[in-house]
file query.txt (compact mmCIF, C-alpha atoms)
# COMPACT_ATOMS: atom_id res chain seq x y z
CA MET A 3 -22.55 -8.37 11.48
CA ILE A 4 -19.82 -9.58 9.17
CA SER A 5 -16.15 -10.34 9.61
CA ILE A 6 -13.04 -12.06 8.36
CA THR A 7 -11.18 -13.49 11.34
CA GLU A 8 -8.12 -15.53 12.15
CA TYR A 9 -9.74 -16.77 15.37
CA PRO A 10 -11.95 -19.86 15.81
CA ILE A 11 -15.65 -19.30 15.04
CA ASP A 12 -17.87 -19.78 18.10
CA VAL A 13 -21.15 -21.11 16.66
CA PHE A 14 -23.05 -20.81 19.94
CA LYS A 15 -22.08 -17.17 20.18
CA VAL A 16 -23.25 -16.67 16.58
CA LEU A 17 -26.57 -18.31 17.45
CA MET A 18 -27.03 -16.08 20.50
CA GLU A 19 -26.11 -12.92 18.60
CA VAL A 20 -28.42 -13.56 15.65
CA GLN A 21 -31.46 -13.96 17.92
CA ASP A 22 -34.07 -11.22 17.72
CA ARG A 23 -37.24 -10.80 19.78
CA SER A 24 -39.29 -10.16 16.64
CA ALA A 25 -37.94 -13.24 14.84
CA GLY A 26 -39.72 -16.60 14.80
CA ALA A 27 -37.11 -18.39 12.71
CA THR A 28 -33.35 -18.74 12.88
CA THR A 29 -31.03 -20.57 10.51
CA VAL A 30 -27.32 -21.19 11.00
CA PHE A 31 -25.10 -22.67 8.31
CA THR A 32 -21.55 -23.75 9.06
CA GLY A 33 -18.92 -24.97 6.65
CA SER A 34 -16.18 -27.18 8.05
CA ILE A 35 -13.05 -28.94 6.91
CA ARG A 36 -13.66 -32.35 5.33
CA ASP A 37 -11.08 -35.09 5.86
CA HIS A 38 -10.93 -35.78 2.11
CA ASN A 39 -11.28 -34.34 -1.36
CA ASP A 40 -11.87 -36.13 -4.66
CA LYS A 41 -8.18 -37.07 -4.82
CA GLY A 42 -7.70 -38.47 -1.32
CA THR A 43 -7.17 -37.63 2.33
CA VAL A 44 -6.94 -34.02 3.47
CA SER A 45 -5.04 -33.29 6.68
CA GLU A 46 -5.31 -29.51 6.93
CA LEU A 47 -6.32 -26.37 5.07
CA TYR A 48 -5.00 -22.85 4.77
CA TYR A 49 -7.29 -19.91 3.99
CA GLU A 50 -6.07 -16.56 2.73
CA ALA A 51 -8.27 -13.48 2.22
CA TYR A 52 -8.01 -10.03 0.70
CA LYS A 53 -9.44 -8.82 3.99
CA GLU A 54 -10.42 -5.25 3.14
CA MET A 55 -12.24 -6.22 -0.05
CA ALA A 56 -13.70 -9.38 1.47
CA GLU A 57 -15.27 -7.41 4.32
CA GLU A 58 -16.71 -4.88 1.89
CA ILE A 59 -18.28 -7.63 -0.22
CA LEU A 60 -19.65 -9.34 2.91
CA ALA A 61 -21.23 -6.02 3.90
CA GLU A 62 -22.79 -5.75 0.42
CA ILE A 63 -24.22 -9.26 0.78
CA GLU A 64 -25.60 -8.32 4.20
CA SER A 65 -27.34 -5.25 2.71
CA GLU A 66 -28.78 -7.33 -0.15
CA VAL A 67 -30.14 -9.94 2.26
CA ILE A 68 -31.73 -7.37 4.56
CA LYS A 69 -33.34 -5.56 1.61
CA ARG A 70 -34.59 -8.66 -0.21
CA TRP A 71 -35.84 -10.83 2.67
CA HIS A 72 -36.37 -8.20 5.39
CA VAL A 73 -34.44 -10.36 7.82
CA LYS A 74 -33.99 -9.19 11.40
CA LYS A 75 -30.29 -10.00 11.74
CA PHE A 76 -27.61 -11.40 9.46
CA ILE A 77 -24.20 -12.73 10.47
CA ALA A 78 -21.45 -13.92 8.13
CA ILE A 79 -17.98 -14.85 9.43
CA HIS A 80 -15.14 -16.44 7.49
CA ARG A 81 -11.96 -17.69 9.05
CA THR A 82 -8.42 -17.41 7.67
CA GLY A 83 -5.12 -19.12 8.47
CA ASN A 84 -4.41 -22.78 9.16
CA LEU A 85 -7.39 -25.00 9.95
CA ASN A 86 -7.61 -28.68 10.85
CA VAL A 87 -10.18 -31.32 9.90
CA SER A 88 -13.61 -30.53 11.47
CA ASP A 89 -12.71 -26.89 12.20
CA ILE A 90 -15.39 -24.42 11.12
CA SER A 91 -14.25 -22.22 8.26
CA VAL A 92 -17.43 -20.22 7.68
CA ALA A 93 -20.70 -19.42 9.44
CA VAL A 94 -23.80 -17.70 8.08
CA ALA A 95 -26.78 -17.02 10.35
CA VAL A 96 -30.13 -15.34 9.77
CA SER A 97 -33.10 -14.50 11.94
CA SER A 98 -36.42 -13.56 10.38
CA GLU A 99 -40.15 -13.59 11.09
CA HIS A 100 -40.75 -16.89 9.27
CA ARG A 101 -38.68 -19.91 8.19
CA LYS A 102 -38.97 -19.37 4.42
CA GLU A 103 -36.96 -16.13 4.49
CA ALA A 104 -34.51 -17.56 7.03
CA PHE A 105 -33.67 -20.56 4.81
CA GLU A 106 -33.54 -18.59 1.55
CA ALA A 107 -31.45 -15.74 2.94
CA CYS A 108 -28.98 -18.11 4.60
CA ARG A 109 -28.56 -20.06 1.34
CA TYR A 110 -28.07 -16.81 -0.58
CA GLY A 111 -25.45 -15.74 1.96
CA ILE A 112 -23.24 -18.82 1.67
CA GLU A 113 -23.61 -19.09 -2.11
CA SER A 114 -22.64 -15.42 -2.47
CA ILE A 115 -19.59 -15.92 -0.26
CA LYS A 116 -18.44 -18.78 -2.48
CA SER A 117 -18.90 -16.84 -5.72
CA ARG A 118 -17.97 -13.27 -4.76
CA VAL A 119 -15.76 -12.94 -1.68
CA PRO A 120 -11.97 -12.92 -2.35
CA ILE A 121 -10.84 -15.87 -0.22
CA TRP A 122 -8.53 -18.69 -1.30
CA LYS A 123 -8.13 -22.20 0.06
CA LYS A 124 -5.04 -24.39 -0.03
CA GLU A 125 -5.50 -28.07 0.77
CA VAL A 126 -2.76 -30.20 2.30
CA SER A 127 -3.12 -33.83 1.18
CA GLY A 128 -0.99 -36.76 0.04
CA LEU A 129 -0.38 -34.81 -3.18
CA GLY A 130 1.18 -31.92 -1.26
CA ALA A 131 -0.22 -28.43 -0.60
CA LEU A 132 -2.33 -27.23 -3.51
CA TRP A 133 -4.56 -24.22 -4.10
CA THR A 134 -8.11 -25.46 -4.71
CA ASP A 135 -9.66 -24.87 -8.12
CA GLY A 136 -11.96 -21.92 -7.71
CA VAL A 137 -14.29 -19.60 -9.55
CA LEU A 138 -13.13 -16.51 -11.34
CA VAL A 139 -14.86 -13.49 -9.80
CA LYS A 140 -17.01 -11.77 -12.39
CA ASP A 141 -18.18 -8.20 -12.66
CA ASP A 142 -21.88 -7.94 -11.58
CA MET B 6 10.80 4.75 -20.99
CA THR B 7 11.03 8.44 -20.12
CA LYS B 8 9.25 9.36 -16.93
CA LYS B 9 6.47 11.87 -17.55
CA GLU B 10 4.10 13.67 -15.24
CA SER B 11 1.25 11.66 -16.68
CA ASP B 12 2.93 8.30 -16.14
CA LEU B 13 1.20 6.16 -13.59
CA THR B 14 2.94 4.03 -10.97
CA LEU B 15 0.69 1.44 -9.40
CA ASP B 16 1.18 -1.18 -6.71
CA VAL B 17 -0.66 -4.38 -7.46
CA LYS B 18 -1.46 -6.67 -4.52
CA LEU B 19 -1.03 -10.40 -5.08
CA PHE B 20 -2.80 -13.30 -3.42
CA ALA B 21 -2.72 -17.10 -3.24
CA SER B 22 -1.34 -18.81 -6.37
CA SER B 23 -0.33 -15.54 -8.06
CA ARG B 24 1.58 -14.45 -4.93
CA GLU B 25 3.44 -17.77 -4.79
CA ILE B 26 4.29 -17.87 -8.50
CA ILE B 27 5.65 -14.32 -8.55
CA GLY B 28 7.14 -14.69 -5.07
CA LYS B 29 6.01 -11.31 -3.76
CA ASN B 30 3.01 -9.83 -1.93
CA LYS B 31 2.86 -6.94 -4.37
CA ILE B 32 4.43 -5.74 -7.57
CA THR B 33 4.90 -2.18 -8.80
CA LEU B 34 4.16 -1.29 -12.41
CA LYS B 35 4.74 1.87 -14.37
CA LEU B 36 2.13 2.65 -16.97
CA THR B 37 2.62 5.32 -19.63
CA ASP B 38 -0.05 7.87 -20.47
CA GLN B 39 -1.03 5.62 -23.37
CA MET B 40 -1.81 2.82 -20.92
CA THR B 41 -4.74 3.84 -18.80
CA THR B 42 -7.09 0.91 -18.47
CA VAL B 43 -7.25 -2.45 -16.74
CA ARG B 44 -6.73 -4.12 -20.14
CA ASP B 45 -3.37 -2.29 -20.44
CA LEU B 46 -2.43 -3.26 -16.89
CA ARG B 47 -3.25 -6.93 -17.51
CA LYS B 48 -1.08 -6.89 -20.64
CA ALA B 49 1.81 -5.24 -18.75
CA ILE B 50 1.59 -7.77 -15.90
CA LEU B 51 1.67 -10.75 -18.28
CA GLU B 52 4.62 -9.26 -20.20
CA LEU B 53 6.61 -8.76 -16.99
CA TYR B 54 5.57 -12.05 -15.40
CA PRO B 55 5.07 -14.64 -18.17
CA SER B 56 5.14 -17.32 -15.45
CA LEU B 57 1.52 -16.36 -14.64
CA HIS B 58 0.54 -17.22 -18.19
CA SER B 59 2.59 -20.40 -18.41
CA SER B 60 1.21 -21.60 -15.06
CA LYS B 61 -2.31 -21.02 -16.41
CA ILE B 62 -3.13 -18.65 -13.57
CA TYR B 63 -6.23 -16.81 -14.71
CA PHE B 64 -7.16 -13.73 -12.75
CA THR B 65 -9.61 -10.93 -12.28
CA ILE B 66 -8.40 -7.44 -11.41
CA ALA B 67 -9.97 -5.47 -8.59
CA VAL B 68 -9.69 -1.70 -8.41
CA ASN B 69 -10.51 -0.04 -5.09
CA HIS B 70 -12.09 -3.29 -3.83
CA LYS B 71 -14.44 -3.57 -6.83
CA VAL B 72 -14.19 -6.13 -9.61
CA ALA B 73 -12.96 -4.20 -12.66
CA THR B 74 -13.66 -4.76 -16.34
CA ASP B 75 -11.09 -4.40 -19.14
CA THR B 76 -12.25 -0.85 -19.79
CA THR B 77 -12.04 0.35 -16.18
CA ALA B 78 -9.81 3.44 -16.07
CA LEU B 79 -6.85 3.52 -13.70
CA ASN B 80 -5.83 6.52 -11.66
CA HIS B 81 -3.06 7.57 -9.32
CA LEU B 82 -3.54 6.09 -5.81
CA ASP B 83 -5.98 3.40 -6.95
CA GLU B 84 -5.74 0.23 -4.88
CA VAL B 85 -5.26 -2.56 -7.40
CA ALA B 86 -5.24 -6.30 -6.74
CA LEU B 87 -4.88 -9.42 -8.82
CA LEU B 88 -7.46 -12.06 -7.87
CA PRO B 89 -6.95 -15.70 -8.92
CA PRO B 90 -10.11 -17.88 -8.91
CA ILE B 91 -11.62 -17.75 -5.41
CA SER B 92 -12.38 -20.80 -3.26
CA GLY B 93 -13.78 -19.63 0.07
CA GLY B 94 -16.45 -21.45 2.05
call {"tool": "encode", "arguments": {"input": "query.txt", "output": "C-alpha cells"}}
result
Amino acid sequence: MISITEYPIDVFKVLMEVQDRSAGATTVFTGSIRDHNDKGTVSELYYEAYKEMAEEILAEIESEVIKRWHVKKFIAIHRTGNLNVSDISVAVAVSSEHRKEAFEACRYGIESIKSRVPIWKKEVSGLGALWTDGVLVKDD
Amino acid sequence: MTKKESDLTLDVKLFASSREIIGKNKITLKLTDQMTTVRDLRKAILELYPSLHSSKIYFTIAVNHKVATDTTALNHLDEVALLPPISGG
C-alpha cells in the first residue's frame, strides 16, 4: 500500500496494517522534522509532490521490494503540505518471514524514496524559507 | 513562427523552485516539427525563461511520469513536467 497524503501519518495504523500472519518480522521506519539543519534552527517545513508521478514511482518501488525480498506486505506513505517540528513526514513498513529481509527491504524503500520520488522540501529557518538542496532524478 | 499541423503544443508542469522562479504552475510551449525531443524542449524552456539558468535551477524532465533522457521523443498529449532536484524523506 502506497500513498502521498496531506493528512497526518498514523504510525500505529501503519504497524497494524503491515502485519501478516505468515510474517515473523516487521520493520517500520519513520522520518520526522528535525528542529535544526546545518545552518541553524528550523521551525517548520513545507513538502510539495508531483502526486501522480510520485504514486507511480512508489508503486514501482513496492513491486521491486516484493519481487526482490518476497516480503509479505509493504507500506510507503509520504506527507505533503505544512509540517511542524517532530511531525512525521514519511513512513515505510515491511513485514516478512525473517528480520534480514524486513530490514533490507525497509532500507531500500526509504533510500529509493529519497533518490527517485518527485517530492520537494522547503525549510523555514532564521534564513527564511528555502528549498532544500536535493538530488537530480536520473534515468534508470 | 507559422503554425503547422505538425507543430506541437505542450503544457509543462512546474514544481518547487522552478514554479516559484517562473511564477506559474505550468507553462505552454510550441515546438516546431524540427523540435521533437526533450533536448529541444529543454533548450526552448531555457530560451524563454533565462531566469531558470541564472538562478542555477537544474532540472530533469519527466514525460508521462517517467524520467526522460535528452533523446526521448515528444508527442501530442504527452504529460511533461520539469523536476528540480528532489528532497523528499
call {"tool": "atom_distance", "arguments": {"input": "query.txt", "atom1": "atom CA of A:Val13", "atom2": "atom CA of A:Ala25"}}
result
18.6 Å
call {"tool": "interface_residues", "arguments": {"input": "query.txt", "of": "chain A", "to": "chain B", "cutoff": "12 Å", "atoms": "all atoms listed in the file", "output": "count of residues only"}}
result
59
call {"tool": "atom_distance", "arguments": {"input": "query.txt", "atom1": "atom CA of A:Met18", "atom2": "atom CA of A:Phe105"}}
result
17.6 Å
call {"tool": "residues_around", "arguments": {"input": "query.txt", "residues": "stretch 35-52 of chain B", "least_positions_apart": "2", "cutoff": "6 Å", "atoms": "all atoms listed in the file", "output": "JSON, numbers by chain"}}
result
{"B": [11, 12, 13, 14, 54, 55, 75, 76, 77, 78, 79]}
call {"tool": "atom_distance", "arguments": {"input": "query.txt", "atom1": "atom CA of B:Lys29", "atom2": "atom CA of B:Lys61"}}
result
18.0 Å
call {"tool": "axis_aligned_box", "arguments": {"input": "query.txt", "around": "stretch 54-73 of chain B", "padding_each_side": "4 Å", "output": "lines of an AutoDock Vina configuration file"}}
result
center_x = -4.4
center_y = -10.8
center_z = -11.1
size_x = 28.0
size_y = 29.6
size_z = 22.6
call {"tool": "decode", "arguments": {"input": "query.txt", "residues": "stretch 42-53 of chain A", "atoms": "N, CA and C atoms", "output": "short mmCIF file (atom, residue, chain, number, x, y, z; two decimals), in the first residue's frame"}}
result
data_model
loop_
_atom_site.label_atom_id
_atom_site.label_comp_id
_atom_site.auth_asym_id
_atom_site.auth_seq_id
_atom_site.Cartn_x
_atom_site.Cartn_y
_atom_site.Cartn_z
N GLY A 42 21.18 26.22 11.19
CA GLY A 42 20.51 26.78 12.36
C GLY A 42 19.18 26.12 12.68
N THR A 43 18.34 26.87 13.36
CA THR A 43 17.05 26.35 13.83
C THR A 43 16.02 26.28 12.70
N VAL A 44 15.28 25.21 12.69
CA VAL A 44 14.19 25.05 11.71
C VAL A 44 12.87 25.06 12.47
N SER A 45 11.93 25.91 12.02
CA SER A 45 10.66 25.99 12.74
C SER A 45 9.55 25.19 12.07
N GLU A 46 9.58 25.11 10.74
CA GLU A 46 8.58 24.30 10.04
C GLU A 46 9.06 23.93 8.64
N LEU A 47 8.36 22.99 8.03
CA LEU A 47 8.72 22.53 6.69
C LEU A 47 7.48 22.48 5.81
N TYR A 48 7.73 22.63 4.52
CA TYR A 48 6.64 22.50 3.55
C TYR A 48 7.07 21.46 2.52
N TYR A 49 6.22 20.47 2.28
CA TYR A 49 6.50 19.45 1.27
C TYR A 49 5.54 19.57 0.11
N GLU A 50 6.09 19.48 -1.08
CA GLU A 50 5.29 19.54 -2.31
C GLU A 50 5.61 18.29 -3.12
N ALA A 51 4.61 17.70 -3.74
CA ALA A 51 4.85 16.49 -4.55
C ALA A 51 4.20 16.61 -5.92
N TYR A 52 4.77 15.94 -6.87
CA TYR A 52 4.12 15.71 -8.18
C TYR A 52 3.38 14.39 -7.94
N LYS A 53 2.14 14.53 -7.41
CA LYS A 53 1.44 13.40 -6.81
C LYS A 53 1.29 12.20 -7.74
#
